[in-house]
Structures are given as C-alpha cells and as structure tokens.
Amino acid sequence: MARPALLIDVVAPHAEPEPATVGPAPRLQSLDVVRGMTIAAMLLVNNPGSWSHVYGPLEHAAWHGWTPTDLVFPFFLFIVGITTTFSLGGLMDAGTPPRDLFRKVLTRAAIIFGLGLLLQGFPDYELGTIRVLGVLQRIAMSYLVAAIIVLSAGVRGQITALVALLLGYWALMTLVPVPGIGPGGVLEPDLNLSNWLDFRLIGRNHMQHETMTWDPEGILSTLGAIATVLCGVQAGHWIRSPRGVPTKVLGLLAAGGVSIAVGLTWGGVFPINKNLWTGSFVLLSAGIACLVLASIYWVVDAKGYRRWTSPFLVFGTNAITAYWLSSLVGIVFDWVVITSPEDGESLVLKTYIYETVYVRWLSPETASLAYAVTYVLLWLGLLSLLYRRRIFIRI
C-alpha cells in the first residue's frame, strides 16, 4: 500500500533522516541541500523589510527578462520533478498498485492546494476576494499533472509530453487571436491570451492583487510550470540510473548547457518571462538548475564535503512546512498593528521592527535586506528544533 499523503516522521535522535525514496536508490543529500537553498532564498526574497527598498537582484523582473530571484520558484519545481521520479519510481519498483499511486498523487496535490488556499485567505477568508491561485497551488497543479504523466507513460512518453507542452504553449501564446484585442503574438500585460483567460476564468477579484493586471501563477502559464517539473523528472531518471557518478555529473552539466543555449536562443522570439512562464524561461531556468545540482551533487554526494550543508538540510527536509509557516507568520507581521511609544504612530508589526531595529543605523536597502536575513535566520533556528529531533513533516 502507498504511504499516507500527510505524515509526520519522527526518527530516533542522531539517526539519519528517512530515505526520500522507496527501493534500492540511496538518499541523495544534494537534493535536500538544493531544495533547502531554494527555500532559504524564497524566504529571503519574499520578506524584505520594505518592498520600496529592495536591491535589484532580489526583485523579480518587471516583465520580460530575468533576475536571480526569478530562478527560485522554477528551481523548486525542478526539484519536485526529481523527487517525483525517485518516490514514484521506487513505489512502482516495489509493486505498488497503480490505483494506490494515483490516489497518493491526488491526495498530496489536494493537500498542497488546500494549504495554499488557507494561506491566501488568512485571516479573513473573504470568499468574494480570496486569491484562488498562488505558489502552493501552482506546485500542486504542476506536480499533479507531471506525476500523472510519469505514472501513465515511459521515459519517451514523458519527453514527448514535455516537448508538446513547450511547443503547444508557444503556439497558444503566439498564434491564437485574443478576443477583443487582436491577433496572437502580443505578449504584453493585458494583451496576451494567458491574462485574458485568467480574467475570464478567475476574475480580477481572485487574482494576486487588484492593482495588478496579471496573475504570475495564472492558469495557462501553469503549462510552463508543468514543463519545468517534467524537466526535473528527466534529470531524476538520469540520476537514478545505474551510471557512474562522474557520468551523471557530466550529463547534468551537458544538459544544463544545452538547455540554457536553447532557452536563450528561443528567447529571441518567445521572450524569457517568469510571469508568463514561457518555454524559453523553462529551458533557461532548468538549465541553470542542472548546473547547480551537478555541482552540489559532485561536492556533497560524490566527494563527501557535507559540513557546510547543515543549514540547508534544515530547510530542505521540511521544505513545505518552512514555506507555509514562514508565509503565515509573515502575514501576521503585516496584520498586527503596533502603536509607537515615541510619536503614537500606528504601524504594522513588520514595519515597526524594520524602522525601529534596522533603519536607524542602515541605509533603507541594506536595512530591508538585513530584516530579510534576520527572518531567514529566525526560521533556521525554529526549524532546527525539528531537525535535531528528527521530525520531518512529509506531504
């Protein structure tokens, strides 16, 4: 039987964390390290002291183009694809009935989607304005579709699905006329098919911000996110194969280089754009993820240099928990109002801390970054309590 979708693992003190795979494949600590780096980066870029004072590399690209921050989410989805290959591959090798596997996938996706809705609605849960989609919802939908493809098709079928998603999404965005606007191929805000579809199916009241004209986790652009997961699936097949470690590392490096080159080239006609999650963005981000993973795989799992990895393992072994709880507390910090004892001004708790602790002795951008770093360190300390007791909340 497949394991429950929501599980709290408690491992004996000083024991190694439970293997991430079922079957003969050993646990790759490098996956937890890269996932932990990604979660730490998510917390850093999502929690500046002030959104008005953020260093450029820590902001998303306004529209076309990319910044290091734009790589954080696709890195996480890429790792989702790898772990999907390991977990489902191990269960299939163990002879788990397909019905149990599909039930496990559906339940897991539903839980992640529900956690996203709980986060989006907190604390008021106004059904008329709650944001329907979001980061966790995109993770859930992308994982669900990619996992179904993995369960339903072999490696060739999965590659075919990946290519079909990339080319099909490109065709939709560039060839299909946008009703009331004109011919396809216009990829500006308010004028593209993805935004038009989101407005009709979701509605402005249920999008990220009522002042924005697009939703960065919209419906049609999720096709690109699914493709990112499938890129990770293929990397997972390569890593899970019986090939030697040097061959695996060289293969990841080669695949990463080719993917980056194709993504940059394609970007000339289908611009790199995280908000639309274009095919060029999929290939660029997956290629960079391959290079990063190959490097850490070689350093951590092949050469055994692991002393530096502990902070990232803390985040990586409780990734969804870290993201969900830190996001929830971040909302609370923007919700609780504090009256300043000095001038009687009312400020939300986050702004009060930012201005009282950091702005007084740092420039606004540096103060904003210092607040974000402190927030990451706070969650590193809290999650370390779980890690030291070998408590891992699996979904």
# chains A, B, ... in the order shown; residues from 1 in each chain; ligands from 1
$ residues_around --residues "Ile320 of chain A" --least-positions-apart "6" --cutoff "9 Å" --atoms "only C-alpha atoms" --output "list in words"
Ile39, Ile112, Leu136, Ile393, Arg394 and Ile395 of chain A
$ write_last_selection --atoms "N, CA and C atoms" --output "mmCIF file, in the first residue's frame"
data_model
loop_
_atom_site.group_PDB
_atom_site.id
_atom_site.type_symbol
_atom_site.label_atom_id
_atom_site.label_comp_id
_atom_site.auth_asym_id
_atom_site.auth_seq_id
_atom_site.Cartn_x
_atom_site.Cartn_y
_atom_site.Cartn_z
ATOM 1 N N ILE A 39 14.474 27.094 -0.617
ATOM 2 C CA ILE A 39 13.527 27.578 0.397
ATOM 3 C C ILE A 39 14.106 28.783 1.122
ATOM 4 N N ILE A 112 -1.676 20.083 -0.740
ATOM 5 C CA ILE A 112 -0.840 21.254 -1.028
ATOM 6 C C ILE A 112 -1.697 22.408 -1.542
ATOM 7 N N LEU A 136 1.734 27.729 -3.762
ATOM 8 C CA LEU A 136 1.453 26.344 -3.395
ATOM 9 C C LEU A 136 0.441 25.707 -4.352
ATOM 10 N N ILE A 393 8.036 16.580 8.495
ATOM 11 C CA ILE A 393 6.626 16.616 8.094
ATOM 12 C C ILE A 393 6.550 16.413 6.590
ATOM 13 N N ARG A 394 6.114 15.225 6.209
ATOM 14 C CA ARG A 394 6.033 14.879 4.787
ATOM 15 C C ARG A 394 4.614 15.093 4.281
ATOM 16 N N ILE A 395 4.520 15.608 3.090
ATOM 17 C CA ILE A 395 3.212 15.762 2.462
ATOM 18 C C ILE A 395 3.216 14.972 1.160
#
$ residues_around --residues "segment 240-248 of chain A" --least-positions-apart "3" --cutoff "10 Å" --atoms "only C-alpha atoms" --output "list of chain:residue names"
A:Pro24, A:Ala25, A:Pro26, A:Leu28, A:Ile82, A:Thr85, A:Phe86, A:Gly89, A:Gly90, A:Gln234, A:Ala235, A:Gly236, A:His237, A:Gly251, A:Leu252, A:Leu253, A:Ala254, A:Ala294, A:Tyr297, A:Trp298, A:Asp301, A:Ala302
$ closest_residue --among "A:Val357, A:Val233, A:Val80, A:Leu377" --to "Val34 of chain A" --atoms "only C-alpha atoms"
A:Val80
$ residues_around --residues "Val72 of chain A" --least-positions-apart "2" --cutoff "10 Å" --atoms "only C-alpha atoms" --output "list in words"
Arg35, Met37, Thr38, Ile39, Ala40, Ala41, Met42, Val45, Thr67, Pro68, Thr69, Asp70, Pro74, Phe75, Phe76, Leu77, Ser285 and Ala289 of chain A
$ write_last_selection --atoms "C-alpha atoms" --output "tab-separated table (two decimals), in the first residue's frame"
chain	number	residue	atom	x	y	z
A	35	ARG	CA	15.88	22.32	-2.01
A	37	MET	CA	18.90	26.62	-0.61
A	38	THR	CA	15.78	27.29	-2.66
A	39	ILE	CA	13.53	27.58	0.40
A	40	ALA	CA	16.01	29.87	2.14
A	41	ALA	CA	16.10	32.03	-1.00
A	42	MET	CA	12.28	32.06	-1.08
A	45	VAL	CA	13.17	37.44	-1.38
A	67	THR	CA	16.86	38.19	-12.33
A	68	PRO	CA	18.35	35.67	-9.86
A	69	THR	CA	15.11	35.94	-7.89
A	70	ASP	CA	13.15	34.66	-10.88
A	74	PRO	CA	11.49	27.09	-11.02
A	75	PHE	CA	14.37	25.60	-9.01
A	76	PHE	CA	11.85	24.30	-6.50
A	77	LEU	CA	9.62	22.83	-9.22
A	285	SER	CA	15.89	28.05	-15.54
A	289	ALA	CA	19.20	24.25	-12.12
$ select_by_dssp --residues "segment 257-373 of chain A" --states "helix (DSSP H, G or I)" --output "NGL selection string"
:A and (257-266 or 279-302 or 307-316 or 319-333 or 349-359 or 364-373)
$ atom_distance --atom1 "atom CA of Glu217 of chain A" --atom2 "atom CA of Gly184 of chain A"
20.6 Å
$ closest_residue --among "A:Ile219, A:Leu380, A:Ile202, A:Leu175" --to "Gly128 of chain A" --atoms "only C-alpha atoms"
A:Ile202
$ residues_around --residues "Val332 of chain A" --least-positions-apart "3" --cutoff "10 Å" --atoms "only C-alpha atoms" --output "VMD selection string"
chain A and resid 122 to 123 326 to 329 335 to 337 348 to 350
$ atom_distance --atom1 "atom CA of Thr222 of chain A" --atom2 "atom CA of Thr317 of chain A"
25.6 Å
$ decode --residues "segment 317-329 of chain A" --atoms "N, CA and C atoms" --output "PDB file, in the first residue's frame"
ATOM      1  N   THR A 317      14.678  19.497   4.420  1.00  0.00           N
ATOM      2  CA  THR A 317      13.965  18.305   4.890  1.00  0.00           C
ATOM      3  C   THR A 317      12.575  18.625   5.427  1.00  0.00           C
ATOM      4  N   ASN A 318      12.262  19.895   5.587  1.00  0.00           N
ATOM      5  CA  ASN A 318      10.909  20.321   5.973  1.00  0.00           C
ATOM      6  C   ASN A 318      10.495  21.500   5.084  1.00  0.00           C
ATOM      7  N   ALA A 319      10.604  21.308   3.763  1.00  0.00           N
ATOM      8  CA  ALA A 319      10.502  22.420   2.826  1.00  0.00           C
ATOM      9  C   ALA A 319       9.127  23.076   2.826  1.00  0.00           C
ATOM     10  N   ILE A 320       8.064  22.298   2.618  1.00  0.00           N
ATOM     11  CA  ILE A 320       6.720  22.871   2.570  1.00  0.00           C
ATOM     12  C   ILE A 320       6.348  23.480   3.917  1.00  0.00           C
ATOM     13  N   THR A 321       6.736  22.804   4.998  1.00  0.00           N
ATOM     14  CA  THR A 321       6.474  23.335   6.337  1.00  0.00           C
ATOM     15  C   THR A 321       7.143  24.684   6.526  1.00  0.00           C
ATOM     16  N   ALA A 322       8.404  24.781   6.094  1.00  0.00           N
ATOM     17  CA  ALA A 322       9.142  26.038   6.227  1.00  0.00           C
ATOM     18  C   ALA A 322       8.463  27.149   5.441  1.00  0.00           C
ATOM     19  N   TYR A 323       8.088  26.848   4.203  1.00  0.00           N
ATOM     20  CA  TYR A 323       7.460  27.884   3.376  1.00  0.00           C
ATOM     21  C   TYR A 323       6.109  28.295   3.944  1.00  0.00           C
ATOM     22  N   TRP A 324       5.288  27.325   4.328  1.00  0.00           N
ATOM     23  CA  TRP A 324       3.922  27.633   4.762  1.00  0.00           C
ATOM     24  C   TRP A 324       3.916  28.413   6.078  1.00  0.00           C
ATOM     25  N   LEU A 325       4.660  27.935   7.052  1.00  0.00           N
ATOM     26  CA  LEU A 325       4.660  28.616   8.354  1.00  0.00           C
ATOM     27  C   LEU A 325       5.300  29.996   8.266  1.00  0.00           C
ATOM     28  N   SER A 326       6.386  30.122   7.526  1.00  0.00           N
ATOM     29  CA  SER A 326       7.034  31.431   7.409  1.00  0.00           C
ATOM     30  C   SER A 326       6.138  32.417   6.673  1.00  0.00           C
ATOM     31  N   SER A 327       5.395  31.927   5.682  1.00  0.00           N
ATOM     32  CA  SER A 327       4.468  32.808   4.966  1.00  0.00           C
ATOM     33  C   SER A 327       3.322  33.233   5.870  1.00  0.00           C
ATOM     34  N   LEU A 328       2.829  32.299   6.669  1.00  0.00           N
ATOM     35  CA  LEU A 328       1.737  32.615   7.593  1.00  0.00           C
ATOM     36  C   LEU A 328       2.174  33.660   8.610  1.00  0.00           C
ATOM     37  N   VAL A 329       3.338  33.480   9.195  1.00  0.00           N
ATOM     38  CA  VAL A 329       3.830  34.441  10.179  1.00  0.00           C
ATOM     39  C   VAL A 329       4.108  35.784   9.501  1.00  0.00           C
TER      40      VAL A 329
END
